[in-house]
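Chemist: For reference, the structure I am asking about is given below.
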Amino acid sequence: MTQSPTVLKELPLDLDRNRLPKHVAVIMDGNGRWASRRGLPRIVGHQRGVDTLKNLLRCCRDWKIPALTAYAFSTENWGRPREEVQFLMTLFERVLRRELQEMIEENVVIRFVGNLEVLPRSLQDEIQKSTEDTKNNGGIQFTVATNYGGRQEILHACRSIASQVQQGKICLDEINEELFEQHLYTAGISNPDLLIRTSGEMRISNFLLWQIAYAEIYVTSTLWPDFDRVEFHKALSAYQQRDRRFGKL
Ligand code: IPE
Ligand code: IPE
Ligand code: MG
């Protein structure tokens, strides 16, 4: 970790604590480029990216933002070279094992969204363990999107609802937004207020397609491993400048 814990420990004074987002989602992009620019292998960028995420989680806790969701691996990321995919799967597993005790102590509730069934068995075990061991905690809600795709999630919800209709458990008229959300992986988690994407890419890359309908989007050219509290402060300042109209006047 590069950041001294005293740096911006408290919420910066120019931010209004009553107008903070209740849920921040991050597309953690730019690990590979961060490493390449230093002549390092891409995987070093991913390792640094983990430290960044840990710092951000702590920061959300310190600044009293109750929910954080991070995009760790997309359904499209399987298309990367085998060694990189393999490295990431092992990294996720190792990090979960290493951080679990601390997450328990820090009262974090961790959840995973995505198609988890096709992940390596040993990773699934860590996922299950960390979910189970933190589910009764009362602190920050930390959601990790792993083998996650927004379109795939919507299809999953459609199938799940269709099956209930088929079995006569619900009728067509009962299908509304509220019911639909109950069939998403994110059931029970509020929709993000702020979506941050690092590394300058102006796209969503299949992340939380349903849930971000009214999220404020903030894109920074900063690469993910460099996204520290100072950068997060900038994102929150930008967020507080926005006028969230939700289609009204
Ligand atoms: C994001 O960084 C991490 C994952 C997608 C797993 P990238 O690996 O996409 O880094 P760039 O975009 O190639 O720099
Ligand atoms: C989005 O980043 C996925 C994650 C951060 C896990 P990508 O690097 O995969 O997205 P694209 O390819 O630039 O759209
Ligand atoms: Mg990328």
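Order determines the names: the first chain of the structure tokens is A, the second B, and so forth; residues in each chain are numbered 1 upward, and ligands are numbered 1 upward as they are shown.
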Please identify all polymer residues within 12 Å of Lys64 (chain A), counting only C-alpha atoms, omitting same-chain residues fewer than 4 positions from it, and present them as a list in words.
Modeler: Lys9, Glu10, Leu11, Pro12, Asp16, Arg17, Asn18, Arg19, Leu20, Pro21, Lys22, His23, Val24, Leu56, Leu57, Arg58, Cys59, Cys60, Leu68, Gly139, Ile140 and Gln141 of chain A
Chemist: Around ligand 3, at most 12 Å away and counting only C-alpha atoms and all ligand atoms, which residues are there? Put them as number ranges by chain, please.
Modeler: A: 27-35, 42, 45-46, 49, 71-74, 76-77, 80, 197-205, 223-224
Chemist: Which one of A:Glu231, A:Glu93, A:Asp62, A:Glu181 sits closest to Trp210 (chain A) if you count only C-alpha atoms?
Modeler: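 Ranking A:Glu231, A:Glu93, A:Asp62, A:Glu181 by distance to Trp210 (chain A), first place goes to A:Glu181.
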Chemist: Could you state the separation of CA of Asp125 (chain A) and CA of Phe207 (chain A) in Å, given to one decimal place?
Modeler: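 So the answer is 24.3 Å.
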Chemist: Go through A:Asp243, A:Ser122, A:Asp133, A:Asn147 one by one, measure the shortest atom-to-atom distance of each to ligand 2 using only C-alpha atoms and all ligand atoms, and give the residue with the smallest value.
Modeler: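 Closest to ligand 2 of all the choices is A:Asn147.
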Chemist: Given the choices A:Asp226, A:Glu106, A:Glu99, A:Glu132, which gets closest to ligand 1 if the distance is worked out from only C-alpha atoms and all ligand atoms?
Modeler: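 Of A:Asp226, A:Glu106, A:Glu99, A:Glu132, the one nearest ligand 1 is A:Asp226, counting only C-alpha atoms and all ligand atoms.
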Chemist: Quick one, how far is CA of Thr134 (chain A) from CA of Val109 (chain A)?
Modeler: 5.0 Å
Chemist: Which of these residues is nearest to ligand 2, using only C-alpha atoms and all ligand atoms: A:Gln241, A:Gln182, A:Thr220, A:Thr146?
Modeler: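 Among the listed residues, A:Thr146 lies closest to ligand 2.
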Chemist: Determine which residues of region 53-232 of chain A DSSP labels as strand (DSSP E or B) from the backbone of this structure, then write them out as a list in words.
Modeler: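 Those in region 53-232 of chain A that DSSP calls strand (DSSP E or B) are Ala67, Leu68, Thr69, Ala70, Tyr71, Ala72, Phe73, Ser74, Val109, Ile110, Arg111, Phe112, Val113, Gln141, Phe142, Thr143, Val144, Ala145, Thr146, Asn147, Tyr148, Leu194, Leu195, Ile196, Arg197, Glu216, Ile217, Tyr218 and Val219 of chain A.
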Chemist: Could you check which of A:Arg159, A:Lys248, A:Arg82, A:Arg151 is closest to Leu208 (chain A), using only C-alpha atoms?
Modeler: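 Closest to Leu208 (chain A) of all the choices is A:Arg151.
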Chemist: Could you find all residues in region 58-137 of chain A that DSSP calls alpha helix (DSSP H) from the backbone, and write them as number ranges by chain?
Modeler: A: 58-62, 82-105, 121-134
Chemist: Please provide the set of residues having any atom within 10 Å of Ala238 (chain A), restricted to only C-alpha atoms, with same-chain residues fewer than 5 positions apart removed, written as a ChimeraX atom specification.
Modeler: /A:216-218,232-233
Chemist: Please produce a file of the residues just selected, as a tab-separated table (two decimals), in the first residue's frame, where the atoms kept are C-alpha atoms.
Modeler:
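Result saved to again.tsv:
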```tsv
chain	number	residue	atom	x	y	z
A	216	GLU	CA	-24.26	9.72	-12.27
A	217	ILE	CA	-21.29	8.71	-14.42
A	218	TYR	CA	-17.78	9.94	-13.68
A	232	PHE	CA	-12.02	9.67	-5.06
A	233	HIS	CA	-12.43	13.09	-3.49
```
